[in-house]
Each structure stands twice: as C-alpha cells, then as structure tokens.
>>> print(open('work-v9.cif').read())   # mmCIF, C-alpha atoms, pLDDT in the B column; chains and numbers go by the auth columns
data_entry
loop_
_atom_site.group_PDB
_atom_site.id
_atom_site.type_symbol
_atom_site.label_atom_id
_atom_site.label_comp_id
_atom_site.label_asym_id
_atom_site.label_seq_id
_atom_site.Cartn_x
_atom_site.Cartn_y
_atom_site.Cartn_z
_atom_site.B_iso_or_equiv
_atom_site.auth_seq_id
_atom_site.auth_asym_id
ATOM 1 C CA MET A 1 -21.081 -128.091 9.895 69.00 5 A
ATOM 2 C CA ALA A 2 -20.132 -124.710 11.386 77.00 6 A
ATOM 3 C CA ILE A 3 -19.677 -121.634 9.251 79.00 7 A
ATOM 4 C CA ARG A 4 -16.492 -119.761 10.023 79.00 8 A
ATOM 5 C CA VAL A 5 -16.591 -115.990 9.691 77.00 9 A
ATOM 6 C CA GLU A 6 -13.307 -114.174 9.203 75.00 10 A
ATOM 7 C CA ARG A 7 -13.128 -110.618 10.512 77.00 11 A
ATOM 8 C CA ALA A 8 -10.510 -108.293 9.108 79.00 12 A
ATOM 9 C CA THR A 9 -8.859 -105.596 11.151 82.00 13 A
ATOM 10 C CA ARG A 10 -10.362 -102.220 10.285 86.00 14 A
ATOM 11 C CA SER A 11 -7.879 -99.522 9.256 92.00 15 A
ATOM 12 C CA ALA A 12 -8.908 -95.888 9.434 93.00 16 A
ATOM 13 C CA LYS A 13 -8.817 -93.898 6.208 95.00 17 A
ATOM 14 C CA PRO A 14 -7.497 -90.315 6.259 93.00 18 A
ATOM 15 C CA HIS A 15 -10.810 -88.832 5.082 95.00 19 A
ATOM 16 C CA GLU A 16 -12.765 -90.682 7.820 93.00 20 A
ATOM 17 C CA VAL A 17 -10.861 -89.135 10.719 95.00 21 A
ATOM 18 C CA GLU A 18 -12.845 -86.704 12.855 96.00 22 A
ATOM 19 C CA ARG A 19 -10.538 -84.201 14.547 97.00 23 A
ATOM 20 C CA ARG A 20 -11.182 -82.442 17.838 97.00 24 A
ATOM 21 C CA TRP A 21 -9.395 -79.565 19.527 98.00 25 A
ATOM 22 C CA TYR A 22 -8.000 -79.872 23.050 98.00 26 A
ATOM 23 C CA ILE A 23 -6.390 -77.298 25.311 98.00 27 A
ATOM 24 C CA VAL A 24 -3.817 -77.959 28.046 98.00 28 A
ATOM 25 C CA ASP A 25 -2.652 -75.494 30.686 97.00 29 A
ATOM 26 C CA ALA A 26 1.040 -76.307 31.269 97.00 30 A
ATOM 27 C CA GLU A 27 1.345 -74.226 34.438 96.00 31 A
ATOM 28 C CA ASP A 28 3.018 -76.344 37.169 96.00 32 A
ATOM 29 C CA LYS A 29 2.825 -79.498 35.027 97.00 33 A
ATOM 30 C CA VAL A 30 5.932 -81.691 34.744 97.00 34 A
ATOM 31 C CA LEU A 31 7.397 -81.365 31.235 97.00 35 A
ATOM 32 C CA GLY A 32 7.848 -85.069 30.495 97.00 36 A
ATOM 33 C CA ARG A 33 4.426 -86.152 31.716 97.00 37 A
ATOM 34 C CA LEU A 34 2.757 -83.323 29.832 98.00 38 A
ATOM 35 C CA SER A 35 4.675 -84.130 26.645 98.00 39 A
ATOM 36 C CA THR A 36 3.846 -87.838 26.649 98.00 40 A
ATOM 37 C CA ARG A 37 0.115 -87.162 26.996 98.00 41 A
ATOM 38 C CA VAL A 38 0.171 -84.476 24.295 98.00 42 A
ATOM 39 C CA ALA A 39 2.164 -86.713 21.910 98.00 43 A
ATOM 40 C CA SER A 40 -0.301 -89.548 22.471 98.00 44 A
ATOM 41 C CA VAL A 41 -3.257 -87.313 21.578 98.00 45 A
ATOM 42 C CA LEU A 42 -1.434 -85.939 18.505 98.00 46 A
ATOM 43 C CA ARG A 43 -0.855 -89.515 17.300 97.00 47 A
ATOM 44 C CA GLY A 44 -4.457 -90.523 17.985 97.00 48 A
ATOM 45 C CA LYS A 45 -3.659 -93.356 20.386 97.00 49 A
ATOM 46 C CA HIS A 46 -6.572 -92.331 22.628 96.00 50 A
ATOM 47 C CA LYS A 47 -9.065 -93.270 19.900 95.00 51 A
ATOM 48 C CA ALA A 48 -10.507 -96.694 19.118 93.00 52 A
ATOM 49 C CA GLN A 49 -9.825 -96.166 15.400 93.00 53 A
ATOM 50 C CA TYR A 50 -6.047 -95.629 15.941 95.00 54 A
ATOM 51 C CA THR A 51 -4.091 -96.784 12.916 95.00 55 A
ATOM 52 C CA PRO A 52 -0.271 -96.555 13.013 95.00 56 A
ATOM 53 C CA HIS A 53 0.176 -95.514 9.370 96.00 57 A
ATOM 54 C CA VAL A 54 -2.598 -92.858 9.353 96.00 58 A
ATOM 55 C CA ASP A 55 -2.685 -89.531 11.195 97.00 59 A
ATOM 56 C CA THR A 56 -5.753 -90.115 13.386 97.00 60 A
ATOM 57 C CA GLY A 57 -4.786 -87.573 16.053 97.00 61 A
ATOM 58 C CA ASP A 58 -6.382 -84.380 17.262 98.00 62 A
ATOM 59 C CA PHE A 59 -5.240 -80.761 17.561 98.00 63 A
ATOM 60 C CA VAL A 60 -3.672 -79.744 20.888 98.00 64 A
ATOM 61 C CA ILE A 61 -3.197 -76.199 22.211 98.00 65 A
ATOM 62 C CA VAL A 62 -0.695 -75.781 25.056 98.00 66 A
ATOM 63 C CA ILE A 63 -0.839 -72.495 26.977 98.00 67 A
ATOM 64 C CA ASN A 64 1.458 -71.144 29.722 97.00 68 A
ATOM 65 C CA ALA A 65 4.430 -73.083 28.342 97.00 69 A
ATOM 66 C CA GLU A 66 6.828 -70.731 30.119 97.00 70 A
ATOM 67 C CA LYS A 67 5.481 -71.942 33.493 97.00 71 A
ATOM 68 C CA VAL A 68 6.132 -75.647 32.857 97.00 72 A
ATOM 69 C CA ARG A 69 7.915 -77.497 35.664 97.00 73 A
ATOM 70 C CA LEU A 70 11.162 -79.434 35.359 97.00 74 A
ATOM 71 C CA THR A 71 11.986 -81.813 38.189 97.00 75 A
ATOM 72 C CA GLY A 72 15.255 -81.946 40.062 97.00 76 A
ATOM 73 C CA ARG A 73 17.928 -79.557 38.794 97.00 77 A
ATOM 74 C CA LYS A 74 16.991 -79.937 35.120 97.00 78 A
ATOM 75 C CA ARG A 75 16.058 -76.280 34.775 96.00 79 A
ATOM 76 C CA GLU A 76 19.742 -75.352 35.308 97.00 80 A
ATOM 77 C CA GLN A 77 21.438 -78.526 34.038 97.00 81 A
ATOM 78 C CA LYS A 78 19.409 -79.655 30.999 97.00 82 A
ATOM 79 C CA THR A 79 21.316 -78.568 27.914 98.00 83 A
ATOM 80 C CA TYR A 80 19.937 -77.994 24.423 97.00 84 A
ATOM 81 C CA TYR A 81 22.300 -78.047 21.441 97.00 85 A
ATOM 82 C CA ARG A 82 22.039 -76.591 17.945 95.00 86 A
ATOM 83 C CA HIS A 83 24.577 -76.459 15.144 97.00 87 A
ATOM 84 C CA SER A 84 24.922 -73.852 12.411 96.00 88 A
ATOM 85 C CA GLY A 85 26.604 -76.241 9.986 96.00 89 A
ATOM 86 C CA TYR A 86 29.988 -74.563 10.218 98.00 90 A
ATOM 87 C CA THR A 87 32.980 -76.158 11.918 97.00 91 A
ATOM 88 C CA GLY A 88 33.109 -75.320 15.612 96.00 92 A
ATOM 89 C CA HIS A 89 29.731 -73.574 15.635 97.00 93 A
ATOM 90 C CA LEU A 90 27.976 -75.841 18.125 98.00 94 A
ATOM 91 C CA LYS A 91 25.772 -73.684 20.353 97.00 95 A
ATOM 92 C CA GLU A 92 24.423 -74.798 23.698 97.00 96 A
ATOM 93 C CA THR A 93 21.901 -73.287 26.092 97.00 97 A
ATOM 94 C CA THR A 94 20.105 -74.371 29.250 98.00 98 A
ATOM 95 C CA ALA A 95 16.404 -74.908 29.792 97.00 99 A
ATOM 96 C CA ALA A 96 16.327 -71.954 32.203 97.00 100 A
ATOM 97 C CA ALA A 97 17.709 -69.624 29.518 97.00 101 A
ATOM 98 C CA ILE A 98 15.105 -70.753 26.976 97.00 102 A
ATOM 99 C CA LEU A 99 12.191 -70.600 29.430 96.00 103 A
ATOM 100 C CA GLY A 100 13.262 -67.123 30.534 96.00 104 A
ATOM 101 C CA GLY A 101 13.686 -65.849 26.977 95.00 105 A
ATOM 102 C CA PRO A 102 11.274 -64.794 24.257 96.00 106 A
ATOM 103 C CA HIS A 103 10.810 -68.347 22.878 96.00 107 A
ATOM 104 C CA ALA A 104 9.775 -70.257 26.016 96.00 108 A
ATOM 105 C CA ASP A 105 7.435 -72.465 23.979 97.00 109 A
ATOM 106 C CA ARG A 106 10.400 -74.225 22.324 97.00 110 A
ATOM 107 C CA VAL A 107 11.037 -76.413 25.381 98.00 111 A
ATOM 108 C CA VAL A 108 7.577 -77.981 25.125 98.00 112 A
ATOM 109 C CA ARG A 109 7.732 -78.193 21.323 98.00 113 A
ATOM 110 C CA ARG A 110 11.064 -80.007 21.399 98.00 114 A
ATOM 111 C CA ALA A 111 9.934 -82.458 24.084 98.00 115 A
ATOM 112 C CA VAL A 112 6.785 -83.377 22.137 98.00 116 A
ATOM 113 C CA ARG A 113 8.579 -83.562 18.777 98.00 117 A
ATOM 114 C CA GLY A 114 11.019 -86.110 20.227 98.00 118 A
ATOM 115 C CA MET A 115 8.099 -88.398 21.092 98.00 119 A
ATOM 116 C CA LEU A 116 6.554 -88.418 17.622 98.00 120 A
ATOM 117 C CA PRO A 117 7.608 -90.629 14.683 97.00 121 A
ATOM 118 C CA LYS A 118 10.712 -89.454 12.808 98.00 122 A
ATOM 119 C CA ASN A 119 9.169 -89.392 9.326 98.00 123 A
ATOM 120 C CA SER A 120 6.720 -87.406 7.197 98.00 124 A
ATOM 121 C CA LEU A 121 3.783 -88.716 9.243 97.00 125 A
ATOM 122 C CA GLY A 122 5.402 -87.404 12.430 98.00 126 A
ATOM 123 C CA ARG A 123 5.918 -83.992 10.828 98.00 127 A
ATOM 124 C CA GLN A 124 2.246 -83.959 9.829 98.00 128 A
ATOM 125 C CA MET A 125 1.241 -84.785 13.417 98.00 129 A
ATOM 126 C CA PHE A 126 3.559 -82.100 14.821 98.00 130 A
ATOM 127 C CA ARG A 127 1.824 -79.405 12.761 98.00 131 A
ATOM 128 C CA LYS A 128 -1.335 -79.999 14.832 98.00 132 A
ATOM 129 C CA LEU A 129 0.465 -78.831 17.990 98.00 133 A
ATOM 130 C CA LYS A 130 -0.023 -75.167 18.925 98.00 134 A
ATOM 131 C CA VAL A 131 2.139 -73.934 21.830 98.00 135 A
ATOM 132 C CA TYR A 132 1.942 -70.480 23.437 98.00 136 A
ATOM 133 C CA ALA A 133 4.194 -69.104 26.186 97.00 137 A
ATOM 134 C CA GLY A 134 1.409 -67.027 27.737 96.00 138 A
ATOM 135 C CA SER A 135 -2.223 -67.723 28.554 95.00 139 A
ATOM 136 C CA GLY A 136 -3.698 -66.275 25.344 96.00 140 A
ATOM 137 C CA HIS A 137 -4.327 -68.133 22.089 97.00 141 A
ATOM 138 C CA PRO A 138 -6.160 -67.340 18.818 98.00 142 A
ATOM 139 C CA HIS A 139 -8.083 -70.647 18.613 97.00 143 A
ATOM 140 C CA ALA A 140 -11.228 -69.788 20.597 97.00 144 A
ATOM 141 C CA ALA A 141 -13.385 -70.289 17.482 98.00 145 A
ATOM 142 C CA GLN A 142 -12.517 -74.010 17.477 97.00 146 A
ATOM 143 C CA GLN A 143 -14.068 -74.373 20.988 97.00 147 A
ATOM 144 C CA PRO A 144 -11.261 -76.528 22.447 98.00 148 A
ATOM 145 C CA GLN A 145 -12.071 -78.966 25.244 97.00 149 A
ATOM 146 C CA GLU A 146 -9.963 -79.257 28.402 97.00 150 A
ATOM 147 C CA LEU A 147 -7.570 -82.230 28.183 96.00 151 A
ATOM 148 C CA SER A 148 -6.965 -84.087 31.425 92.00 152 A
ATOM 149 C CA LEU A 149 -3.402 -85.281 31.984 86.00 153 A
ATOM 150 C CA VAL A 150 -4.353 -88.253 34.163 75.00 154 A
#
>>> encode(input="work-v9.cif", output="structure tokens")
Amino acid sequence: MAIRVERATRSAKPHEVERRWYIVDAEDKVLGRLSTRVASVLRGKHKAQYTPHVDTGDFVIVINAEKVRLTGRKREQKTYYRHSGYTGHLKETTAAAILGGPHADRVVRRAVRGMLPKNSLGRQMFRKLKVYAGSGHPHAAQQPQELSLV
C-alpha cells in the first residue's frame, strides 16, 4: 500500500518578500523592450516565489530616460493624449515633444504603467519605479545592481 503525499502550491506572503534595487540605463535602448523587462521585474515574475495576487517585485531605477530609442518613425508619429474633463479639451502631443521637454521621463513611465495590472496592486507596483531623465539619481544608498535587458 503506497502512501500518497499531496503538495500544495506555495503562495508568497507580503511580509516574506525580499526586495532588491535594480538600475537600468535607458540610453539607446528600445522603449518597448526596456518597458517589458522593467514591468516584469516590478511584478516579480523573475522570482521563483512569484504570486499573481501579491506584490513580489523589486524596485527599478531607470536613468537617461530622455535618450531612449523609438524604432521607425514613432518619435515623430506616436501621439499621446490627455483630457482635461471639459468638452473639446482633448490635448495631444508627440513622443518627440515629450522627450525634448522638461518631463522626458513620462514616456518611459507611461509605457511601463500600461504593462502593469489595472488595479490597486498595479498601482502599488508602479510606485516602485523610479525614472530620471538624466544620469543622476538619489538612490545610491540602496546600492542598486545593474539589470540586464537580455
């Protein structure tokens, strides 16, 4: 008579998650490929303890966001929309205008946000993303590791 052992799937608990800090240099990196890798790390899919309903992800710092690459003619043709809430107040701008302006980090932020869950868990994951247009960042004390995009 054989004894059958049932093994339950292990779910990570929020207090058990160990978070790391990673840094990515976005200079000459394709926006979409960069964003998918960053979103995956923010969700925690690179870890063995990944649990869909728990934020198991790590912190990610993206520097040089203004030097990100868009393939084809997307820099001139990709359009971003925003609406003030008033009738007829739909504003549109191109990726080139945003990347050339004072808020160049918004292109990377918006691309990553679109790849995260659309709920409170996704908003919690998005708060772990730190994006800077230039090469400087105030997170040196966390000793971030270089994140490979391969």
>>> residues_around(input="work-v9.cif", residues="Asp32 of chain A", least_positions_apart="3", cutoff="10 Å", atoms="only C-alpha atoms", output="PyMOL selection string")
chain A and resi 29+35+68-74
>>> resolve_selection(input="work-v9.cif", expression="the PyMOL selection byres ((chain A and resi 108) around 9)", output="PyMOL selection string")
chain A and resi 69-71+99+101-107+109-112+136-137
>>> resolve_selection(input="work-v9.cif", expression="the PyMOL selection byres ((chain A and resi 118-123) around 12)", output="mmCIF file with C-alpha atoms, keeping the file's coordinate frame")
data_model
loop_
_atom_site.group_PDB
_atom_site.id
_atom_site.type_symbol
_atom_site.label_atom_id
_atom_site.label_comp_id
_atom_site.auth_asym_id
_atom_site.auth_seq_id
_atom_site.Cartn_x
_atom_site.Cartn_y
_atom_site.Cartn_z
ATOM 1 C CA GLY A 36 7.848 -85.069 30.495
ATOM 2 C CA ARG A 37 4.426 -86.152 31.716
ATOM 3 C CA LEU A 38 2.757 -83.323 29.832
ATOM 4 C CA SER A 39 4.675 -84.130 26.645
ATOM 5 C CA THR A 40 3.846 -87.838 26.649
ATOM 6 C CA ARG A 41 0.115 -87.162 26.996
ATOM 7 C CA VAL A 42 0.171 -84.476 24.295
ATOM 8 C CA ALA A 43 2.164 -86.713 21.910
ATOM 9 C CA SER A 44 -0.301 -89.548 22.471
ATOM 10 C CA VAL A 45 -3.257 -87.313 21.578
ATOM 11 C CA LEU A 46 -1.434 -85.939 18.505
ATOM 12 C CA ARG A 47 -0.855 -89.515 17.300
ATOM 13 C CA GLY A 48 -4.457 -90.523 17.985
ATOM 14 C CA LYS A 49 -3.659 -93.356 20.386
ATOM 15 C CA PRO A 56 -0.271 -96.555 13.013
ATOM 16 C CA HIS A 57 0.176 -95.514 9.370
ATOM 17 C CA VAL A 58 -2.598 -92.858 9.353
ATOM 18 C CA ASP A 59 -2.685 -89.531 11.195
ATOM 19 C CA GLY A 61 -4.786 -87.573 16.053
ATOM 20 C CA VAL A 111 11.037 -76.413 25.381
ATOM 21 C CA VAL A 112 7.577 -77.981 25.125
ATOM 22 C CA ARG A 113 7.732 -78.193 21.323
ATOM 23 C CA ARG A 114 11.064 -80.007 21.399
ATOM 24 C CA ALA A 115 9.934 -82.458 24.084
ATOM 25 C CA VAL A 116 6.785 -83.377 22.137
ATOM 26 C CA ARG A 117 8.579 -83.562 18.777
ATOM 27 C CA SER A 124 6.720 -87.406 7.197
ATOM 28 C CA LEU A 125 3.783 -88.716 9.243
ATOM 29 C CA GLY A 126 5.402 -87.404 12.430
ATOM 30 C CA ARG A 127 5.918 -83.992 10.828
ATOM 31 C CA GLN A 128 2.246 -83.959 9.829
ATOM 32 C CA MET A 129 1.241 -84.785 13.417
ATOM 33 C CA PHE A 130 3.559 -82.100 14.821
ATOM 34 C CA ARG A 131 1.824 -79.405 12.761
ATOM 35 C CA LYS A 132 -1.335 -79.999 14.832
ATOM 36 C CA LEU A 133 0.465 -78.831 17.990
#
>>> residues_around(input="work-v9.cif", residues="Pro142 of chain A", least_positions_apart="5", cutoff="12 Å", atoms="only C-alpha atoms", output="list in words")
Ile27, Ile65, Val66, Ile67, Lys134, Val135, Tyr136, Gln147 and Pro148 of chain A
>>> atom_distance(input="work-v9.cif", atom1="atom CA of Ala145 of chain A", atom2="atom CA of Ala30 of chain A")
20.8 Å
>>> closest_residue(input="work-v9.cif", among="A:Leu94, A:Ala100, A:Val28, A:Ala6", to="Val154 of chain A", atoms="all atoms listed in the file")
A:Val28
>>> atom_distance(input="work-v9.cif", atom1="atom CA of Lys51 of chain A", atom2="atom CA of Arg11 of chain A")
20.1 Å
>>> atom_distance(input="work-v9.cif", atom1="atom CA of Arg79 of chain A", atom2="atom CA of Thr98 of chain A")
7.1 Å
>>> closest_residue(input="work-v9.cif", among="A:Leu153, A:Gly140, A:Gln53, A:Glu10", to="Glu22 of chain A", atoms="only C-alpha atoms")
A:Gln53
>>> closest_residue(input="work-v9.cif", among="A:Arg24, A:Ala16, A:Thr91, A:Lys82", to="Tyr54 of chain A", atoms="only C-alpha atoms")
A:Ala16
>>> closest_residue(input="work-v9.cif", among="A:Glu150, A:Gly138, A:Tyr84, A:Ile7", to="Glu31 of chain A", atoms="all atoms listed in the file")
A:Gly138
>>> axis_aligned_box(input="work-v9.cif", around="segment 18-27 of chain A", padding_each_side="6 Å", output="JSON")
{"center_x": -9.6, "center_y": -84.0, "center_z": 15.2, "size_x": 18.5, "size_y": 25.4, "size_z": 32.2}
